[in-house]
>>> print(open('work.cif').read())   # mmCIF, C-alpha atoms
data_entry
loop_
_atom_site.label_atom_id
_atom_site.label_comp_id
_atom_site.auth_asym_id
_atom_site.auth_seq_id
_atom_site.Cartn_x
_atom_site.Cartn_y
_atom_site.Cartn_z
CA MET Y 509 40.08 50.12 -14.14
CA LYS Y 510 41.99 47.86 -11.75
CA ASP Y 511 39.62 48.80 -8.91
CA LEU Y 512 36.62 47.97 -11.09
CA THR Y 513 38.03 44.50 -11.89
CA VAL Y 514 38.71 43.80 -8.20
CA LEU Y 515 35.19 44.95 -7.32
CA PHE Y 516 33.67 42.72 -10.03
CA LEU Y 517 35.64 39.68 -8.84
CA SER Y 518 34.68 40.37 -5.23
CA VAL Y 519 30.98 40.58 -6.09
CA LEU Y 520 31.21 37.43 -8.21
CA SER Y 521 32.97 35.54 -5.40
CA PHE Y 522 30.42 36.74 -2.88
CA MET Y 523 27.57 35.53 -5.10
CA LEU Y 524 29.15 32.12 -5.59
CA PHE Y 525 29.90 31.57 -1.91
CA SER Y 526 26.54 32.86 -0.72
CA CYS Y 527 24.74 30.44 -3.05
CA SER Y 528 26.72 27.44 -1.88
CA GLY Y 529 24.32 26.90 1.02
CA HIS Y 530 21.36 26.57 -1.35
CA GLN Y 531 20.54 23.25 -2.88
CA GLN Y 532 21.28 23.23 -6.58
CA PRO Y 533 18.72 21.69 -8.89
CA LYS Y 534 19.28 17.99 -9.38
CA SER Y 535 19.89 16.69 -12.85
CA PHE Y 536 17.36 14.31 -14.30
CA ASN Y 537 18.14 10.62 -14.21
CA ASN Y 538 18.54 9.68 -17.84
CA MET Y 539 19.07 5.98 -17.16
CA ILE Y 540 16.35 3.77 -18.64
CA ASP Y 541 15.34 0.85 -16.45
CA GLY Y 542 13.30 -2.24 -17.31
CA ASN Y 543 9.98 -0.58 -16.53
CA ASP Y 544 10.81 2.39 -18.76
CA SER Y 545 11.98 0.29 -21.69
CA ILE Y 546 8.90 -1.96 -21.71
CA ALA Y 547 6.56 1.01 -21.15
CA MET Y 548 8.13 2.81 -24.14
CA MET Y 549 7.89 -0.31 -26.29
CA LEU Y 550 4.22 -0.84 -25.38
CA GLY Y 551 3.33 2.84 -25.50
CA ASP Y 552 4.41 3.17 -29.12
CA SER Y 553 2.75 -0.07 -30.21
CA PRO Y 554 -0.88 -0.36 -31.32
CA MET Y 555 -2.94 -3.40 -30.38
CA GLU Y 556 -3.54 -6.01 -33.06
CA ILE Y 557 -5.71 -9.09 -33.31
CA TYR Y 558 -4.13 -12.24 -34.71
CA HIS Y 559 -6.58 -14.89 -35.89
CA SER Y 560 -5.22 -18.38 -35.34
CA ASP Y 561 -6.83 -20.95 -37.60
CA VAL Y 562 -4.97 -23.65 -35.65
CA LEU Y 563 -6.49 -22.61 -32.31
CA GLY Y 564 -9.74 -21.20 -33.68
CA LEU Y 565 -9.15 -18.01 -31.68
CA ASP Y 566 -8.59 -14.31 -32.07
CA ILE Y 567 -5.54 -13.36 -30.01
CA PRO Y 568 -5.02 -9.73 -28.98
CA HIS Y 569 -1.41 -8.57 -28.71
CA PRO Y 570 0.68 -5.40 -29.03
CA ALA Y 571 2.13 -5.00 -32.53
CA CYS Y 572 5.64 -4.81 -31.03
CA LEU Y 573 5.42 -8.52 -30.17
CA VAL Y 574 6.27 -10.58 -33.25
CA HIS Y 575 4.43 -13.81 -34.05
CA GLN Y 576 6.62 -16.94 -34.02
CA GLU Y 577 5.70 -19.83 -36.30
CA PHE Y 578 5.52 -23.35 -34.83
CA GLU Y 579 4.47 -26.22 -37.08
CA ASP Y 580 2.16 -28.91 -35.75
CA SER Y 581 1.60 -27.09 -32.49
CA LEU Y 582 -1.53 -26.08 -30.61
CA GLN Y 583 0.10 -22.87 -29.45
CA GLU Y 584 0.77 -19.36 -30.72
CA VAL Y 585 3.69 -17.30 -29.42
CA PHE Y 586 4.39 -13.57 -29.72
CA VAL Y 587 7.84 -12.29 -28.66
CA GLY Y 588 9.46 -8.89 -28.21
CA GLY Y 589 12.79 -8.65 -26.40
CA ASP Y 590 12.42 -10.40 -23.07
CA VAL Y 591 8.61 -10.33 -23.06
CA SER Y 592 6.42 -13.00 -24.61
CA ILE Y 593 2.78 -14.01 -24.86
CA SER Y 594 1.87 -17.65 -25.44
CA VAL Y 595 -1.57 -19.07 -26.07
CA ILE Y 596 -1.88 -22.84 -25.68
CA THR Y 597 -4.95 -24.98 -26.34
CA GLN Y 598 -5.68 -28.44 -24.93
CA TYR Y 599 -8.80 -30.29 -26.05
CA PHE Y 600 -10.73 -32.44 -23.58
CA ASN Y 601 -10.84 -35.34 -26.04
CA ASP Y 602 -7.03 -35.34 -26.23
CA GLN Y 603 -5.63 -38.48 -24.64
CA ASP Y 604 -2.63 -36.50 -23.36
CA ILE Y 605 -4.64 -34.42 -20.87
CA PHE Y 606 -4.13 -35.98 -17.48
CA ARG Y 607 -4.29 -32.77 -15.47
CA SER Y 608 -5.96 -29.46 -16.15
CA ALA Y 609 -3.83 -26.46 -17.10
CA GLY Y 610 -4.51 -24.98 -13.65
CA GLN Y 611 -3.24 -28.16 -11.99
CA GLN Y 612 -0.19 -28.10 -14.24
CA MET Y 613 0.49 -24.50 -13.23
CA HIS Y 614 0.24 -25.41 -9.56
CA GLY Y 615 2.71 -28.20 -10.26
CA MET Y 616 5.09 -25.52 -11.61
CA GLY Y 617 4.73 -23.62 -8.33
CA ALA Y 618 2.16 -21.10 -9.53
CA GLU Y 619 0.04 -19.17 -7.10
CA LEU Y 620 -3.69 -18.97 -7.75
CA LEU Y 621 -4.75 -15.32 -7.73
CA GLU Y 622 -8.36 -15.59 -8.79
CA ALA Y 623 -10.87 -18.22 -9.90
CA GLY Y 624 -14.26 -18.03 -11.57
CA ASP Y 625 -16.70 -20.51 -13.03
CA ASP Y 626 -14.76 -20.93 -16.28
CA TYR Y 627 -11.35 -19.34 -15.62
CA SER Y 628 -8.45 -19.05 -13.21
CA ILE Y 629 -5.58 -16.55 -13.00
CA HIS Y 630 -2.11 -17.62 -11.83
CA THR Y 631 1.27 -16.04 -11.21
CA GLY Y 632 4.65 -17.58 -10.65
CA GLN Y 633 8.27 -17.81 -11.63
CA GLU Y 634 10.01 -20.16 -14.04
CA GLY Y 635 13.78 -19.80 -14.25
CA ASP Y 636 14.67 -16.15 -14.73
CA PHE Y 637 11.17 -15.23 -15.87
CA GLU Y 638 7.99 -14.36 -14.03
CA TYR Y 639 4.69 -15.27 -15.59
CA TYR Y 640 1.10 -14.21 -15.32
CA ALA Y 641 -1.48 -16.54 -16.85
CA LYS Y 642 -5.16 -17.04 -17.35
CA VAL Y 643 -6.68 -20.46 -17.98
CA VAL Y 644 -10.10 -20.36 -19.65
CA GLU Y 645 -12.27 -23.35 -20.42
CA ASP Y 646 -15.31 -24.00 -22.55
CA SER Y 647 -17.10 -27.27 -23.25
CA THR Y 648 -14.35 -28.63 -25.53
CA ARG Y 649 -11.02 -27.17 -24.47
CA LEU Y 650 -8.73 -25.37 -22.06
CA VAL Y 651 -6.97 -22.27 -23.35
CA THR Y 652 -4.00 -20.90 -21.41
CA PHE Y 653 -2.91 -17.30 -22.10
CA ILE Y 654 0.57 -16.75 -20.57
CA LEU Y 655 2.62 -13.57 -20.23
CA ARG Y 656 6.33 -14.15 -19.49
CA TYR Y 657 8.69 -11.30 -18.57
CA TYR Y 658 11.82 -10.44 -16.61
CA PRO Y 659 11.04 -9.35 -13.04
CA ASP Y 660 12.65 -5.93 -13.57
CA HIS Y 661 9.72 -5.05 -15.86
CA GLY Y 662 7.32 -5.17 -12.87
CA GLU Y 663 5.04 -2.16 -13.39
CA GLY Y 664 5.91 -1.84 -17.08
CA VAL Y 665 4.00 -5.01 -17.96
CA GLU Y 666 0.77 -3.96 -16.21
CA PRO Y 667 -0.96 -3.24 -19.56
CA LEU Y 668 -0.08 -6.78 -20.68
CA LYS Y 669 -1.35 -8.24 -17.41
CA GLN Y 670 -4.62 -6.42 -18.07
CA LEU Y 671 -4.67 -7.97 -21.55
CA VAL Y 672 -4.32 -11.40 -19.93
CA ARG Y 673 -7.08 -10.67 -17.38
CA ASP Y 674 -9.42 -9.47 -20.15
CA PHE Y 675 -8.86 -12.50 -22.39
CA SER Y 676 -11.97 -14.60 -23.00
CA LEU Y 677 -13.20 -17.22 -25.45
CA ARG Y 678 -16.34 -15.22 -26.28
#
>>> encode(input="work.cif", output="structure tokens")
Amino acid sequence: MKDLTVLFLSVLSFMLFSCSGHQQPKSFNNMIDGNDSIAMMLGDSPMEIYHSDVLGLDIPHPACLVHQEFEDSLQEVFVGGDVSISVITQYFNDQDIFRSAGQQMHGMGAELLEAGDDYSIHTGQEGDFEYYAKVVEDSTRLVTFILRYYPDHGEGVEPLKQLVRDFSLR
């Protein structure tokens, strides 16, 4: 019996030492980063349309972003964690418009990414947040659709950037 135990231990030791040269499977990284957290939040959230009587617009947004009430304001804001969508309207007959929204964004250091006949798309950084915005105009107003997010969400906010790009007044 003693010889059998020694033989078993010898075989077991041989197997362990002979396998040491082989790469063992790596464990999965179970750390959630900013991209993962925002992707999970957006992935589980259906799209909704909020009709703003104040702005006279239908505003698409993921259901995970909660509408914030602002009295006497020509803006609508939807927030979820460190991601927000704001929609701001400026009317051309408003005495307070001295510069267009695009000019204001350039004044904030925004970079123009794209421009069309009735829209422009901008990106930039304000404090700790990055933003991605589309300014759309019609004959009476400028509407600015702004996505704000922490930079560590990079790829995770791509669906929201697409939402901004697709926004129109029609």
>>> resolve_selection(input="work.cif", expression="the PyMOL selection byres ((chain Y and resi 594-602) around 9)", output="list in words")
Leu563, Ile567, Ser581, Leu582, Gln583, Glu584, Val585, Phe586, Val587, Ser592, Ile593, Gln603, Asp604, Ile605, Ser608, Ala609, Ser647, Thr648, Arg649, Leu650, Val651, Thr652, Phe653, Ile654, Leu655 and Arg656 of chain Y
>>> resolve_selection(input="work.cif", expression="the PyMOL selection byres ((chain Y and resi 555) around 8)", output="list in words")
Ser553, Pro554, Glu556, Ile557, Pro568, His569, Pro570 and Ala571 of chain Y
>>> atom_distance(input="work.cif", atom1="atom CA of Y:Glu645", atom2="atom CA of Y:Gln633")
23.0 Å
>>> closest_residue(input="work.cif", among="Y:Glu619, Y:Asp674, Y:Glu666, Y:Asp590", to="Y:Asp636", atoms="only C-alpha atoms")
Y:Asp590
>>> resolve_selection(input="work.cif", expression="the PyMOL selection byres ((chain Y and resi 551) around 12)", output="list in words")
Asn543, Asp544, Ser545, Ile546, Ala547, Met548, Met549, Leu550, Asp552, Ser553, Pro554, Met555, Pro570, Ala571, Cys572, Gly664, Val665, Glu666, Pro667 and Leu668 of chain Y
>>> atom_distance(input="work.cif", atom1="atom CA of Y:Gly632", atom2="atom CA of Y:Asp561")
29.5 Å
>>> atom_distance(input="work.cif", atom1="atom CA of Y:Ala641", atom2="atom CA of Y:Ala618")
9.4 Å
>>> residues_around(input="work.cif", residues="Y:Tyr627", least_positions_apart="5", cutoff="9 Å", atoms="all atoms listed in the file", output="PyMOL selection string")
chain Y and resi 622+642-645+676
>>> closest_residue(input="work.cif", among="Y:Asp566, Y:Glu579, Y:Asp625, Y:Asp660", to="Y:Phe637", atoms="all atoms listed in the file")
Y:Asp660
>>> closest_residue(input="work.cif", among="Y:Gln576, Y:Tyr658, Y:Gly564, Y:Glu663", to="Y:Gly635", atoms="all atoms listed in the file")
Y:Tyr658
>>> axis_aligned_box(input="work.cif", around="stretch 651-670 of chain Y", padding_each_side="4 Å", output="lines of an AutoDock Vina configuration file")
center_x = 2.8
center_y = -12.1
center_z = -18.1
size_x = 27.6
size_y = 28.4
size_z = 18.5
>>> residues_around(input="work.cif", residues="Y:Leu620", least_positions_apart="4", cutoff="8 Å", atoms="all atoms listed in the file", output="PyMOL selection string")
chain Y and resi 614+628-631
>>> write_last_selection(input="work.cif", atoms="C-alpha atoms", output="PDB file, keeping the file's coordinate frame")
ATOM      1  CA  HIS Y 614       0.240 -25.410  -9.560  1.00  0.00           C
ATOM      2  CA  SER Y 628      -8.450 -19.050 -13.210  1.00  0.00           C
ATOM      3  CA  ILE Y 629      -5.580 -16.550 -13.000  1.00  0.00           C
ATOM      4  CA  HIS Y 630      -2.110 -17.620 -11.830  1.00  0.00           C
ATOM      5  CA  THR Y 631       1.270 -16.040 -11.210  1.00  0.00           C
TER       6      THR Y 631
END
>>> decode(input="work.cif", residues="stretch 616-653 of chain Y", atoms="N, CA and C atoms", output="compact mmCIF listing (two decimals), in the first residue's frame")
# COMPACT_ATOMS: atom_id res chain seq x y z
N MET Y 616 -17.02 78.52 -26.64
CA MET Y 616 -16.73 77.59 -25.54
C MET Y 616 -15.56 76.68 -25.89
N GLY Y 617 -15.01 76.82 -27.07
CA GLY Y 617 -13.88 75.98 -27.48
C GLY Y 617 -14.30 74.75 -28.24
N ALA Y 618 -15.52 74.71 -28.74
CA ALA Y 618 -16.00 73.54 -29.47
C ALA Y 618 -15.35 73.44 -30.83
N GLU Y 619 -15.23 72.22 -31.28
CA GLU Y 619 -14.70 71.94 -32.61
C GLU Y 619 -15.87 71.60 -33.52
N LEU Y 620 -15.91 72.21 -34.68
CA LEU Y 620 -16.94 71.91 -35.66
C LEU Y 620 -16.58 70.61 -36.36
N LEU Y 621 -17.48 69.63 -36.30
CA LEU Y 621 -17.24 68.34 -36.94
C LEU Y 621 -17.88 68.26 -38.32
N GLU Y 622 -19.06 68.88 -38.44
CA GLU Y 622 -19.82 68.75 -39.68
C GLU Y 622 -20.80 69.92 -39.76
N ALA Y 623 -21.07 70.37 -40.99
CA ALA Y 623 -22.06 71.43 -41.18
C ALA Y 623 -22.87 71.16 -42.43
N GLY Y 624 -24.16 71.45 -42.34
CA GLY Y 624 -25.06 71.32 -43.48
C GLY Y 624 -25.81 72.62 -43.66
N ASP Y 625 -26.81 72.61 -44.51
CA ASP Y 625 -27.57 73.82 -44.78
C ASP Y 625 -28.31 74.34 -43.56
N ASP Y 626 -28.82 73.42 -42.72
CA ASP Y 626 -29.62 73.86 -41.57
C ASP Y 626 -29.15 73.25 -40.24
N TYR Y 627 -27.93 72.73 -40.21
CA TYR Y 627 -27.42 72.13 -38.97
C TYR Y 627 -25.90 72.21 -38.90
N SER Y 628 -25.39 72.02 -37.69
CA SER Y 628 -23.96 71.85 -37.47
C SER Y 628 -23.77 70.91 -36.28
N ILE Y 629 -22.69 70.14 -36.31
CA ILE Y 629 -22.37 69.20 -35.23
C ILE Y 629 -21.04 69.62 -34.64
N HIS Y 630 -21.00 69.66 -33.29
CA HIS Y 630 -19.83 70.15 -32.57
C HIS Y 630 -19.44 69.15 -31.48
N THR Y 631 -18.18 69.21 -31.11
CA THR Y 631 -17.69 68.43 -29.97
C THR Y 631 -16.74 69.30 -29.17
N GLY Y 632 -16.62 69.00 -27.91
CA GLY Y 632 -15.73 69.79 -27.07
C GLY Y 632 -15.71 69.28 -25.65
N GLN Y 633 -15.11 70.08 -24.79
CA GLN Y 633 -14.99 69.73 -23.38
C GLN Y 633 -15.33 70.95 -22.55
N GLU Y 634 -16.08 70.71 -21.48
CA GLU Y 634 -16.46 71.77 -20.55
C GLU Y 634 -16.26 71.22 -19.15
N GLY Y 635 -15.26 71.71 -18.45
CA GLY Y 635 -14.94 71.17 -17.13
C GLY Y 635 -14.52 69.71 -17.26
N ASP Y 636 -15.12 68.86 -16.44
CA ASP Y 636 -14.81 67.44 -16.45
C ASP Y 636 -15.59 66.66 -17.50
N PHE Y 637 -16.48 67.32 -18.20
CA PHE Y 637 -17.36 66.65 -19.15
C PHE Y 637 -16.97 66.93 -20.59
N GLU Y 638 -17.18 65.93 -21.44
CA GLU Y 638 -17.11 66.12 -22.88
C GLU Y 638 -18.53 66.30 -23.37
N TYR Y 639 -18.69 66.96 -24.48
CA TYR Y 639 -20.02 67.10 -25.04
C TYR Y 639 -19.99 66.90 -26.54
N TYR Y 640 -21.14 66.53 -27.04
CA TYR Y 640 -21.35 66.29 -28.46
C TYR Y 640 -22.69 66.93 -28.75
N ALA Y 641 -22.75 67.86 -29.69
CA ALA Y 641 -23.97 68.64 -29.87
C ALA Y 641 -24.30 68.84 -31.34
N LYS Y 642 -25.60 68.99 -31.56
CA LYS Y 642 -26.09 69.32 -32.89
C LYS Y 642 -26.96 70.57 -32.76
N VAL Y 643 -26.69 71.55 -33.60
CA VAL Y 643 -27.48 72.76 -33.66
C VAL Y 643 -28.29 72.71 -34.95
N VAL Y 644 -29.61 72.81 -34.82
CA VAL Y 644 -30.50 72.74 -35.97
C VAL Y 644 -31.31 74.04 -36.01
N GLU Y 645 -31.50 74.57 -37.20
CA GLU Y 645 -32.30 75.79 -37.30
C GLU Y 645 -33.42 75.62 -38.31
N ASP Y 646 -34.51 76.32 -38.02
CA ASP Y 646 -35.58 76.45 -39.00
C ASP Y 646 -35.84 77.95 -39.15
N SER Y 647 -36.94 78.33 -39.71
CA SER Y 647 -37.16 79.76 -39.99
C SER Y 647 -37.41 80.60 -38.75
N THR Y 648 -37.69 79.98 -37.61
CA THR Y 648 -38.02 80.76 -36.41
C THR Y 648 -37.09 80.57 -35.23
N ARG Y 649 -36.28 79.52 -35.25
CA ARG Y 649 -35.52 79.19 -34.04
C ARG Y 649 -34.26 78.38 -34.32
N LEU Y 650 -33.41 78.35 -33.29
CA LEU Y 650 -32.26 77.46 -33.23
C LEU Y 650 -32.53 76.46 -32.11
N VAL Y 651 -32.32 75.19 -32.39
CA VAL Y 651 -32.48 74.16 -31.37
C VAL Y 651 -31.14 73.46 -31.22
N THR Y 652 -30.65 73.42 -29.99
CA THR Y 652 -29.37 72.77 -29.71
C THR Y 652 -29.63 71.52 -28.88
N PHE Y 653 -29.18 70.37 -29.39
CA PHE Y 653 -29.33 69.07 -28.75
C PHE Y 653 -27.93 68.68 -28.26
